[in-house]
Number of protein chains: 2
Amino acid sequence: MGRGGAVTLHEVARVAGVSPRTVSNVVNGYQHVAPHTRARVQAVIDELGYRTNAAARTLRTGRTGLLGLVLPALDQPYFAELARAVVREATAVGFTVVVDQTDGDPDRERELLLRGPRGAAFDALVLSPLALTAEDLLRAEPGRPVVLLGERTVGTTADHVHIDNVAAAREATAHLIAGGRRRIAAIGLQDAHEQTAAQRAEGFRRALADAGLPVDPALLRHVPSYERAHGHAAMSALLTNAEPPDAVFCFSDLLASGALRACLERGVRVPEGVAVLGFDDVEEVRYLTPSLSTVRPDREAIARAAVARVVARLDGGEAEAPAHDITVPHALVLRESTPA
Amino acid sequence: MGRGGAVTLHEVARVAGVSPRTVSNVVNGYQHVAPHTRARVQAVIDELGYRTNAAARTLRTGRTGLLGLVLPALDQPYFAELARAVVREATAVGFTVVVDQTDGDPDRERELLLRGPRGAAFDALVLSPLALTAEDLLRAEPGRPVVLLGERTVGTTADHVHIDNVAAAREATAHLIAGGRRRIAAIGLQDAHEQTAAQRAEGFRRALADAGLPVDPALLRHVPSYERAHGHAAMSALLTNAEPPDAVFCFSDLLASGALRACLERGVRVPEGVAVLGFDDVEEVRYLTPSLSTVRPDREAIARAAVARVVARLDGGEAEAPAHDITVPHALVLRESTPA
């Protein structure tokens, strides 16, 4: 079979009694090879199990057809649903998508983007950056398209697809205020360099200011990551406050799922006692009881825009175009966890 | 830059004034190249932007280092959590994992496995088969290791990693019976060719038989797939029965999430009115209220065993070994949705 062996083009040439150039021509599908020669070479390729497909195509076109999709975690539903959308869009235009996860590890993220074990095999990268800086990105392979998903503005030549987080958070908070809530907590603040969190916090603050409400620092909760357990812990702490909140805006649906559980296990009714509003609109929160009100980023639009930027840079004569900054729509989805 | 262009090994050779063989030697890292020649070739490679890494490695070793992981859907949490575990295990032994999804489409599954656009680039495939038959698998690239995850026994040379579904379903149902339930519904039966469903149904029936309870066909619910919406619809229908169930065993956590929602929105208390038990132990069901009792397959063990089989077949001298059938542990996880 020769599978996994080290059969080289030169061995094929030797066995077939032709030059390596001829083998290369056969492999690359060039027409100027005599039919009987082509047949002989192909027979040897088959016999030795010489693996040509992807490798030969790469040498011929300089393209691998591989699109790297780098996400912090495949088992966070927002990223899983986003990955599904990107895989669908990219597959439709002929890419094979390599999904890789960084586990939120900055070193792993850098490794994948900057010098990954096989990073050079990717024609382009689509990634949701959590730790990379502009400097990191500038060191990436020059000329390889990089599209950033999410809200981290880095000021590089990388294209960037995102929603308007400030506006989305402001609308979400305004909805809670319109429902009569006055002590509104926010769960999901992070270190200053996390721009998604910073922008959602900014929208939250603006909505309070719009309504003339003060920001109570005791109601602002930082979390190490956007997981259910952190939402649960933060809400549990808030409920033991001397003056507990009457609403909570969580910066992810997972945080909100944890917060909802914290309310219900303490006998706090949602939305009567505390209104809960999330962010992402992952499928699971439609099935919570009460079902969760949330902000829905248009994931299909994100995926479409990201793949379109890759194609424009690779094939559309925009290889050297300045960075595109693309804002896609979002919507406030109202369900049972907030007052009507 | 030459990125994306059609720079060939032969162009590099021409510009550098050396033979293609010499370029190949440099690319492959062979030592028998004069230092000054190596430096000149490398300079031309850099100047022309000749892409060598993955392609050259493939031609040299016959390996791409790519492991294909084919799953029906990335945004179903069980598969997302499984993918995460497999990516972790496979990355640890040096693979780059290409995660692809079939959308549950038999044609897409076949295409990926049997002749995928770049299927030949995978050193091995790990897949959760939903539609493939033994015949399909036998037509797959001979010699390429294929590891099946899940309960579909196909009788091929493919290795197979799974839990004991009959035993797991029997234990789950026995727990409901031990809690005093007598009218126990099952949601998740499927067409006869879906062995996971058939085995869980078999375990369910055996537990009823063990306790001398009859099987009421009105309490057995078929679903087209294991999604929340189908669990919701099936439970909603069961609750309108003349004699509704006092417990339900759902063959996935997503079905159970939908069923739980159906109970609560009709004012049926869980577990007092109806006990609900799921299957998979995805993270989200720990945060439902009530939190969901479920069956936990040992996902890490599944991932470890699958990657170990790939390595054994590729590197361990087991390329031609008979199919391994590996059963990994499961556990019944009891939470609030079933009586204590």
# chains A, B, ... in the order shown; residues from 1 in each chain; ligands from 1

$ calpha_fit_rmsd --fixed "chain B" --moving "chain A"
0.1 Å

$ select_by_dssp --residues "range 85-334 of chain B" --states "helix (DSSP H, G or I)" --output "mmCIF file with N, CA and C atoms, in the first residue's frame"
data_model
loop_
_atom_site.group_PDB
_atom_site.id
_atom_site.type_symbol
_atom_site.label_atom_id
_atom_site.label_comp_id
_atom_site.auth_asym_id
_atom_site.auth_seq_id
_atom_site.Cartn_x
_atom_site.Cartn_y
_atom_site.Cartn_z
ATOM 1 N N ALA B 85 -13.014 17.453 23.409
ATOM 2 C CA ALA B 85 -12.192 16.403 24.021
ATOM 3 C C ALA B 85 -11.290 15.741 22.977
ATOM 4 N N VAL B 86 -11.826 15.480 21.794
ATOM 5 C CA VAL B 86 -11.017 14.835 20.753
ATOM 6 C C VAL B 86 -9.913 15.778 20.274
ATOM 7 N N VAL B 87 -10.240 17.049 20.082
ATOM 8 C CA VAL B 87 -9.229 18.015 19.639
ATOM 9 C C VAL B 87 -8.084 18.047 20.646
ATOM 10 N N ARG B 88 -8.446 18.036 21.912
ATOM 11 C CA ARG B 88 -7.419 18.086 22.956
ATOM 12 C C ARG B 88 -6.499 16.869 22.911
ATOM 13 N N GLU B 89 -7.104 15.701 22.840
ATOM 14 C CA GLU B 89 -6.311 14.468 22.825
ATOM 15 C C GLU B 89 -5.452 14.391 21.566
ATOM 16 N N ALA B 90 -6.038 14.733 20.434
ATOM 17 C CA ALA B 90 -5.331 14.586 19.168
ATOM 18 C C ALA B 90 -4.228 15.627 19.024
ATOM 19 N N THR B 91 -4.481 16.826 19.501
ATOM 20 C CA THR B 91 -3.464 17.874 19.455
ATOM 21 C C THR B 91 -2.264 17.476 20.300
ATOM 22 N N ALA B 92 -2.544 16.810 21.407
ATOM 23 C CA ALA B 92 -1.466 16.411 22.315
ATOM 24 C C ALA B 92 -0.499 15.430 21.654
ATOM 25 N N PRO B 106 -27.016 12.337 5.086
ATOM 26 C CA PRO B 106 -26.309 11.106 4.704
ATOM 27 C C PRO B 106 -25.380 11.330 3.507
ATOM 28 N N ASP B 107 -25.826 12.112 2.535
ATOM 29 C CA ASP B 107 -24.990 12.336 1.355
ATOM 30 C C ASP B 107 -23.706 13.058 1.726
ATOM 31 N N ARG B 108 -23.843 14.045 2.603
ATOM 32 C CA ARG B 108 -22.677 14.811 3.018
ATOM 33 C C ARG B 108 -21.721 13.927 3.818
ATOM 34 N N GLU B 109 -22.310 13.061 4.644
ATOM 35 C CA GLU B 109 -21.497 12.147 5.450
ATOM 36 C C GLU B 109 -20.697 11.224 4.521
ATOM 37 N N ARG B 110 -21.384 10.694 3.533
ATOM 38 C CA ARG B 110 -20.709 9.810 2.580
ATOM 39 C C ARG B 110 -19.624 10.551 1.822
ATOM 40 N N GLU B 111 -19.945 11.750 1.391
ATOM 41 C CA GLU B 111 -18.989 12.533 0.617
ATOM 42 C C GLU B 111 -17.710 12.763 1.430
ATOM 43 N N LEU B 112 -17.901 13.131 2.694
ATOM 44 C CA LEU B 112 -16.743 13.417 3.533
ATOM 45 C C LEU B 112 -15.913 12.170 3.759
ATOM 46 N N LEU B 113 -16.612 11.069 3.994
ATOM 47 C CA LEU B 113 -15.865 9.873 4.336
ATOM 48 C C LEU B 113 -15.283 9.195 3.104
ATOM 49 N N LEU B 114 -16.040 9.159 2.037
ATOM 50 C CA LEU B 114 -15.669 8.281 0.939
ATOM 51 C C LEU B 114 -14.832 8.965 -0.132
ATOM 52 N N ARG B 115 -15.101 10.223 -0.380
ATOM 53 C CA ARG B 115 -14.339 10.850 -1.455
ATOM 54 C C ARG B 115 -14.217 12.339 -1.247
ATOM 55 N N GLY B 119 -10.763 14.796 1.200
ATOM 56 C CA GLY B 119 -10.765 13.685 2.139
ATOM 57 C C GLY B 119 -9.441 12.940 2.162
ATOM 58 N N ALA B 120 -8.811 12.873 1.008
ATOM 59 C CA ALA B 120 -7.565 12.117 0.922
ATOM 60 C C ALA B 120 -6.443 12.773 1.719
ATOM 61 N N ALA B 121 -6.652 14.015 2.135
ATOM 62 C CA ALA B 121 -5.608 14.693 2.892
ATOM 63 C C ALA B 121 -5.581 14.259 4.353
ATOM 64 N N ALA B 134 -22.274 -0.383 6.672
ATOM 65 C CA ALA B 134 -21.031 -1.146 6.578
ATOM 66 C C ALA B 134 -20.480 -1.092 5.154
ATOM 67 N N GLU B 135 -21.389 -1.186 4.218
ATOM 68 C CA GLU B 135 -20.999 -1.166 2.815
ATOM 69 C C GLU B 135 -20.274 0.140 2.463
ATOM 70 N N ASP B 136 -20.836 1.257 2.945
ATOM 71 C CA ASP B 136 -20.201 2.552 2.707
ATOM 72 C C ASP B 136 -18.771 2.542 3.221
ATOM 73 N N LEU B 137 -18.633 2.036 4.441
ATOM 74 C CA LEU B 137 -17.324 2.095 5.079
ATOM 75 C C LEU B 137 -16.304 1.257 4.338
ATOM 76 N N LEU B 138 -16.743 0.138 3.822
ATOM 77 C CA LEU B 138 -15.812 -0.739 3.115
ATOM 78 C C LEU B 138 -15.315 -0.090 1.832
ATOM 79 N N ARG B 139 -16.129 0.838 1.298
ATOM 80 C CA ARG B 139 -15.695 1.524 0.100
ATOM 81 C C ARG B 139 -14.727 2.680 0.401
ATOM 82 N N ASN B 165 -24.979 1.171 25.894
ATOM 83 C CA ASN B 165 -26.242 1.900 25.916
ATOM 84 C C ASN B 165 -27.388 1.119 26.529
ATOM 85 N N VAL B 166 -27.386 -0.188 26.318
ATOM 86 C CA VAL B 166 -28.472 -0.983 26.890
ATOM 87 C C VAL B 166 -28.392 -0.905 28.414
ATOM 88 N N ALA B 167 -27.198 -1.113 28.937
ATOM 89 C CA ALA B 167 -27.027 -1.069 30.390
ATOM 90 C C ALA B 167 -27.346 0.314 30.944
ATOM 91 N N ALA B 168 -26.894 1.356 30.254
ATOM 92 C CA ALA B 168 -27.106 2.715 30.742
ATOM 93 C C ALA B 168 -28.599 3.043 30.799
ATOM 94 N N ALA B 169 -29.311 2.697 29.737
ATOM 95 C CA ALA B 169 -30.748 2.996 29.697
ATOM 96 C C ALA B 169 -31.506 2.173 30.734
ATOM 97 N N ARG B 170 -31.057 0.948 30.945
ATOM 98 C CA ARG B 170 -31.698 0.088 31.939
ATOM 99 C C ARG B 170 -31.518 0.667 33.345
ATOM 100 N N GLU B 171 -30.305 1.133 33.653
ATOM 101 C CA GLU B 171 -30.053 1.735 34.971
ATOM 102 C C GLU B 171 -30.881 3.001 35.167
ATOM 103 N N ALA B 172 -30.944 3.811 34.121
ATOM 104 C CA ALA B 172 -31.691 5.068 34.216
ATOM 105 C C ALA B 172 -33.163 4.791 34.495
ATOM 106 N N THR B 173 -33.722 3.851 33.751
ATOM 107 C CA THR B 173 -35.141 3.530 33.918
ATOM 108 C C THR B 173 -35.387 2.888 35.282
ATOM 109 N N ALA B 174 -34.467 2.015 35.699
ATOM 110 C CA ALA B 174 -34.606 1.370 37.007
ATOM 111 C C ALA B 174 -34.610 2.416 38.125
ATOM 112 N N HIS B 175 -33.844 3.487 37.931
ATOM 113 C CA HIS B 175 -33.838 4.544 38.943
ATOM 114 C C HIS B 175 -35.220 5.193 39.056
ATOM 115 N N LEU B 176 -35.879 5.407 37.926
ATOM 116 C CA LEU B 176 -37.221 5.996 37.946
ATOM 117 C C LEU B 176 -38.209 5.048 38.623
ATOM 118 N N ILE B 177 -38.065 3.769 38.349
ATOM 119 C CA ILE B 177 -38.950 2.771 38.968
ATOM 120 C C ILE B 177 -38.714 2.716 40.480
ATOM 121 N N ALA B 178 -37.443 2.769 40.872
ATOM 122 C CA ALA B 178 -37.101 2.742 42.299
ATOM 123 C C ALA B 178 -37.683 3.952 43.023
ATOM 124 N N GLN B 195 -29.038 2.616 15.713
ATOM 125 C CA GLN B 195 -28.772 1.671 16.782
ATOM 126 C C GLN B 195 -28.700 2.296 18.166
ATOM 127 N N THR B 196 -28.271 3.551 18.243
ATOM 128 C CA THR B 196 -28.254 4.200 19.549
ATOM 129 C C THR B 196 -29.646 4.187 20.146
ATOM 130 N N ALA B 197 -30.597 4.636 19.380
ATOM 131 C CA ALA B 197 -31.981 4.683 19.845
ATOM 132 C C ALA B 197 -32.489 3.277 20.155
ATOM 133 N N ALA B 198 -32.177 2.325 19.286
ATOM 134 C CA ALA B 198 -32.672 0.964 19.480
ATOM 135 C C ALA B 198 -32.121 0.375 20.776
ATOM 136 N N GLN B 199 -30.841 0.653 21.046
ATOM 137 C CA GLN B 199 -30.237 0.085 22.256
ATOM 138 C C GLN B 199 -30.794 0.745 23.521
ATOM 139 N N ARG B 200 -31.023 2.060 23.450
ATOM 140 C CA ARG B 200 -31.587 2.723 24.632
ATOM 141 C C ARG B 200 -33.022 2.254 24.860
ATOM 142 N N ALA B 201 -33.750 2.047 23.782
ATOM 143 C CA ALA B 201 -35.118 1.525 23.920
ATOM 144 C C ALA B 201 -35.097 0.119 24.516
ATOM 145 N N GLU B 202 -34.121 -0.667 24.102
ATOM 146 C CA GLU B 202 -33.992 -2.023 24.626
ATOM 147 C C GLU B 202 -33.714 -1.998 26.130
ATOM 148 N N GLY B 203 -32.813 -1.137 26.560
ATOM 149 C CA GLY B 203 -32.521 -1.011 27.990
ATOM 150 C C GLY B 203 -33.741 -0.561 28.772
ATOM 151 N N PHE B 204 -34.480 0.373 28.188
ATOM 152 C CA PHE B 204 -35.724 0.859 28.799
ATOM 153 C C PHE B 204 -36.703 -0.299 28.997
ATOM 154 N N ARG B 205 -36.907 -1.091 27.934
ATOM 155 C CA ARG B 205 -37.848 -2.215 28.012
ATOM 156 C C ARG B 205 -37.402 -3.255 29.043
ATOM 157 N N ARG B 206 -36.104 -3.503 29.078
ATOM 158 C CA ARG B 206 -35.622 -4.517 30.024
ATOM 159 C C ARG B 206 -35.869 -4.103 31.465
ATOM 160 N N ALA B 207 -35.664 -2.805 31.745
ATOM 161 C CA ALA B 207 -35.889 -2.337 33.117
ATOM 162 C C ALA B 207 -37.351 -2.495 33.505
ATOM 163 N N LEU B 208 -38.252 -2.179 32.567
ATOM 164 C CA LEU B 208 -39.680 -2.374 32.861
ATOM 165 C C LEU B 208 -39.963 -3.856 33.112
ATOM 166 N N ALA B 209 -39.395 -4.712 32.265
ATOM 167 C CA ALA B 209 -39.611 -6.156 32.423
ATOM 168 C C ALA B 209 -39.045 -6.639 33.754
ATOM 169 N N ASP B 210 -37.855 -6.123 34.105
ATOM 170 C CA ASP B 210 -37.235 -6.502 35.383
ATOM 171 C C ASP B 210 -38.199 -6.250 36.544
ATOM 172 N N PRO B 217 -47.512 1.228 24.729
ATOM 173 C CA PRO B 217 -47.060 1.823 23.466
ATOM 174 C C PRO B 217 -47.391 3.314 23.369
ATOM 175 N N ALA B 218 -48.430 3.761 24.059
ATOM 176 C CA ALA B 218 -48.793 5.180 24.003
ATOM 177 C C ALA B 218 -47.727 6.053 24.653
ATOM 178 N N LEU B 219 -46.860 5.423 25.454
ATOM 179 C CA LEU B 219 -45.828 6.206 26.153
ATOM 180 C C LEU B 219 -44.475 6.151 25.438
ATOM 181 N N ARG B 228 -34.039 19.868 21.042
ATOM 182 C CA ARG B 228 -34.924 20.369 22.098
ATOM 183 C C ARG B 228 -36.368 20.450 21.627
ATOM 184 N N ALA B 229 -36.558 20.950 20.407
ATOM 185 C CA ALA B 229 -37.922 21.161 19.905
ATOM 186 C C ALA B 229 -38.699 19.846 19.840
ATOM 187 N N HIS B 230 -38.015 18.760 19.485
ATOM 188 C CA HIS B 230 -38.714 17.481 19.390
ATOM 189 C C HIS B 230 -39.066 16.938 20.776
ATOM 190 N N GLY B 231 -38.206 17.167 21.763
ATOM 191 C CA GLY B 231 -38.526 16.770 23.126
ATOM 192 C C GLY B 231 -39.721 17.556 23.652
ATOM 193 N N HIS B 232 -39.741 18.823 23.304
ATOM 194 C CA HIS B 232 -40.841 19.683 23.726
ATOM 195 C C HIS B 232 -42.160 19.209 23.120
ATOM 196 N N ALA B 233 -42.139 18.922 21.830
ATOM 197 C CA ALA B 233 -43.369 18.496 21.147
ATOM 198 C C ALA B 233 -43.848 17.143 21.672
ATOM 199 N N ALA B 234 -42.906 16.209 21.861
ATOM 200 C CA ALA B 234 -43.290 14.873 22.312
ATOM 201 C C ALA B 234 -43.888 14.930 23.719
ATOM 202 N N MET B 235 -43.267 15.716 24.604
ATOM 203 C CA MET B 235 -43.770 15.794 25.986
ATOM 204 C C MET B 235 -45.106 16.508 26.019
ATOM 205 N N SER B 236 -45.250 17.535 25.221
ATOM 206 C CA SER B 236 -46.528 18.252 25.171
ATOM 207 C C SER B 236 -47.649 17.291 24.796
ATOM 208 N N ALA B 237 -47.376 16.431 23.836
ATOM 209 C CA ALA B 237 -48.386 15.456 23.420
ATOM 210 C C ALA B 237 -48.661 14.458 24.544
ATOM 211 N N LEU B 238 -47.613 13.990 25.210
ATOM 212 C CA LEU B 238 -47.792 13.012 26.292
ATOM 213 C C LEU B 238 -48.655 13.581 27.425
ATOM 214 N N LEU B 239 -48.498 14.866 27.685
ATOM 215 C CA LEU B 239 -49.221 15.475 28.803
ATOM 216 C C LEU B 239 -50.707 15.627 28.505
ATOM 217 N N ASP B 253 -30.096 14.795 26.356
ATOM 218 C CA ASP B 253 -30.359 15.927 27.245
ATOM 219 C C ASP B 253 -31.134 17.027 26.538
ATOM 220 N N LEU B 254 -30.924 17.171 25.235
ATOM 221 C CA LEU B 254 -31.678 18.206 24.526
ATOM 222 C C LEU B 254 -33.159 17.840 24.500
ATOM 223 N N LEU B 255 -33.461 16.578 24.220
ATOM 224 C CA LEU B 255 -34.857 16.140 24.297
ATOM 225 C C LEU B 255 -35.414 16.407 25.696
ATOM 226 N N ALA B 256 -34.612 16.105 26.721
ATOM 227 C CA ALA B 256 -35.062 16.288 28.102
ATOM 228 C C ALA B 256 -35.269 17.765 28.430
ATOM 229 N N SER B 257 -34.406 18.636 27.880
ATOM 230 C CA SER B 257 -34.578 20.075 28.109
ATOM 231 C C SER B 257 -35.904 20.542 27.532
ATOM 232 N N GLY B 258 -36.212 20.068 26.343
ATOM 233 C CA GLY B 258 -37.491 20.419 25.733
ATOM 234 C C GLY B 258 -38.662 19.849 26.517
ATOM 235 N N ALA B 259 -38.506 18.610 26.994
ATOM 236 C CA ALA B 259 -39.582 17.972 27.763
ATOM 237 C C ALA B 259 -39.810 18.704 29.083
ATOM 238 N N LEU B 260 -38.714 19.099 29.732
ATOM 239 C CA LEU B 260 -38.822 19.829 30.995
ATOM 240 C C LEU B 260 -39.591 21.134 30.783
ATOM 241 N N ARG B 261 -39.218 21.843 29.746
ATOM 242 C CA ARG B 261 -39.904 23.097 29.427
ATOM 243 C C ARG B 261 -41.403 22.841 29.190
ATOM 244 N N ALA B 262 -41.726 21.754 28.482
ATOM 245 C CA ALA B 262 -43.133 21.436 28.203
ATOM 246 C C ALA B 262 -43.898 21.193 29.498
ATOM 247 N N CYS B 263 -43.271 20.510 30.454
ATOM 248 C CA CYS B 263 -43.919 20.273 31.752
ATOM 249 C C CYS B 263 -44.168 21.592 32.470
ATOM 250 N N LEU B 264 -43.099 22.394 32.588
ATOM 251 C CA LEU B 264 -43.195 23.596 33.409
ATOM 252 C C LEU B 264 -44.162 24.602 32.811
ATOM 253 N N GLU B 265 -44.211 24.693 31.483
ATOM 254 C CA GLU B 265 -45.113 25.700 30.915
ATOM 255 C C GLU B 265 -46.573 25.270 31.029
ATOM 256 N N GLU B 283 -23.163 20.263 29.753
ATOM 257 C CA GLU B 283 -23.054 21.172 30.886
ATOM 258 C C GLU B 283 -24.345 21.919 31.187
ATOM 259 N N GLU B 284 -25.048 22.338 30.143
ATOM 260 C CA GLU B 284 -26.201 23.206 30.371
ATOM 261 C C GLU B 284 -27.251 22.623 31.306
ATOM 262 N N VAL B 285 -27.412 21.289 31.332
ATOM 263 C CA VAL B 285 -28.513 20.735 32.114
ATOM 264 C C VAL B 285 -28.243 20.774 33.613
ATOM 265 N N ARG B 286 -26.999 21.070 33.987
ATOM 266 C CA ARG B 286 -26.707 21.257 35.412
ATOM 267 C C ARG B 286 -27.301 22.564 35.912
ATOM 268 N N ARG B 299 -16.793 11.122 28.218
ATOM 269 C CA ARG B 299 -16.321 11.717 26.958
ATOM 270 C C ARG B 299 -14.803 11.715 26.832
ATOM 271 N N GLU B 300 -14.121 11.981 27.954
ATOM 272 C CA GLU B 300 -12.666 11.994 27.894
ATOM 273 C C GLU B 300 -12.148 10.599 27.532
ATOM 274 N N ALA B 301 -12.782 9.576 28.084
ATOM 275 C CA ALA B 301 -12.366 8.203 27.762
ATOM 276 C C ALA B 301 -12.638 7.890 26.293
ATOM 277 N N ILE B 302 -13.748 8.388 25.772
ATOM 278 C CA ILE B 302 -14.060 8.176 24.352
ATOM 279 C C ILE B 302 -12.969 8.816 23.489
ATOM 280 N N ALA B 303 -12.630 10.068 23.811
ATOM 281 C CA ALA B 303 -11.624 10.786 23.021
ATOM 282 C C ALA B 303 -10.266 10.100 23.113
ATOM 283 N N ARG B 304 -9.895 9.717 24.324
ATOM 284 C CA ARG B 304 -8.600 9.057 24.521
ATOM 285 C C ARG B 304 -8.525 7.763 23.727
ATOM 286 N N ALA B 305 -9.577 6.962 23.822
ATOM 287 C CA ALA B 305 -9.574 5.668 23.134
ATOM 288 C C ALA B 305 -9.535 5.866 21.622
ATOM 289 N N ALA B 306 -10.267 6.843 21.124
ATOM 290 C CA ALA B 306 -10.318 7.067 19.673
ATOM 291 C C ALA B 306 -8.946 7.476 19.147
ATOM 292 N N VAL B 307 -8.305 8.406 19.824
ATOM 293 C CA VAL B 307 -6.997 8.871 19.365
ATOM 294 C C VAL B 307 -5.959 7.759 19.523
ATOM 295 N N ALA B 308 -6.076 6.986 20.588
ATOM 296 C CA ALA B 308 -5.146 5.870 20.776
ATOM 297 C C ALA B 308 -5.265 4.860 19.634
ATOM 298 N N ARG B 309 -6.491 4.620 19.164
ATOM 299 C CA ARG B 309 -6.660 3.691 18.041
ATOM 300 C C ARG B 309 -6.042 4.256 16.765
ATOM 301 N N VAL B 310 -6.202 5.535 16.537
ATOM 302 C CA VAL B 310 -5.599 6.161 15.357
ATOM 303 C C VAL B 310 -4.085 5.994 15.401
ATOM 304 N N VAL B 311 -3.509 6.286 16.547
ATOM 305 C CA VAL B 311 -2.058 6.199 16.687
ATOM 306 C C VAL B 311 -1.593 4.747 16.533
ATOM 307 N N ALA B 312 -2.331 3.820 17.118
ATOM 308 C CA ALA B 312 -1.945 2.409 17.021
ATOM 309 C C ALA B 312 -1.970 1.944 15.570
ATOM 310 N N ARG B 313 -2.938 2.405 14.809
ATOM 311 C CA ARG B 313 -3.039 1.977 13.407
ATOM 312 C C ARG B 313 -1.999 2.660 12.520
ATOM 313 N N LEU B 314 -1.707 3.920 12.809
ATOM 314 C CA LEU B 314 -0.754 4.641 11.955
ATOM 315 C C LEU B 314 0.694 4.316 12.315
ATOM 316 N N ASP B 315 0.965 4.263 13.607
ATOM 317 C CA ASP B 315 2.356 4.179 14.050
ATOM 318 C C ASP B 315 2.661 2.932 14.857
#

$ closest_residue --among "A:Val26, A:Val93, A:Leu220, A:Val98" --to "chain B" --atoms "only C-alpha atoms"
A:Val98

$ closest_residue --among "B:Asp100, B:Asp246, B:Asp159, B:Glu336" --to "Leu66 in chain A" --atoms "only C-alpha atoms"
B:Asp100

$ residues_around --residues "Ala158 in chain B" --least-positions-apart "6" --cutoff "7 Å" --atoms "only C-alpha atoms" --output "PyMOL selection string"
chain B and resi 146-148+323

$ atom_distance --atom1 "CA of Glu81 in chain B" --atom2 "CA of Val282 in chain B"
7.5 Å

$ residues_around --residues "Pro339 in chain A" --least-positions-apart "3" --cutoff "10 Å" --atoms "only C-alpha atoms" --output "VMD selection string"
chain A and resid 175 to 176 178 to 181 247 270 to 272 274 to 276 293 334 to 336

$ closest_residue --among "A:Pro290, A:Pro35, A:Pro72, A:Gly278" --to "Ile187 in chain A" --atoms "only C-alpha atoms"
A:Gly278

$ select_by_dssp --residues "range 174-279 of chain A" --states "strand (DSSP E)" --output "PyMOL selection string"
chain A and resi 184-189+220-222+247-250+275-277

$ atom_distance --atom1 "CA of Ser225 in chain A" --atom2 "CA of Thr240 in chain A"
21.9 Å

$ closest_residue --among "A:Val23, A:Leu82, A:Val333, A:Leu189" --to "chain B" --atoms "only C-alpha atoms"
A:Leu82
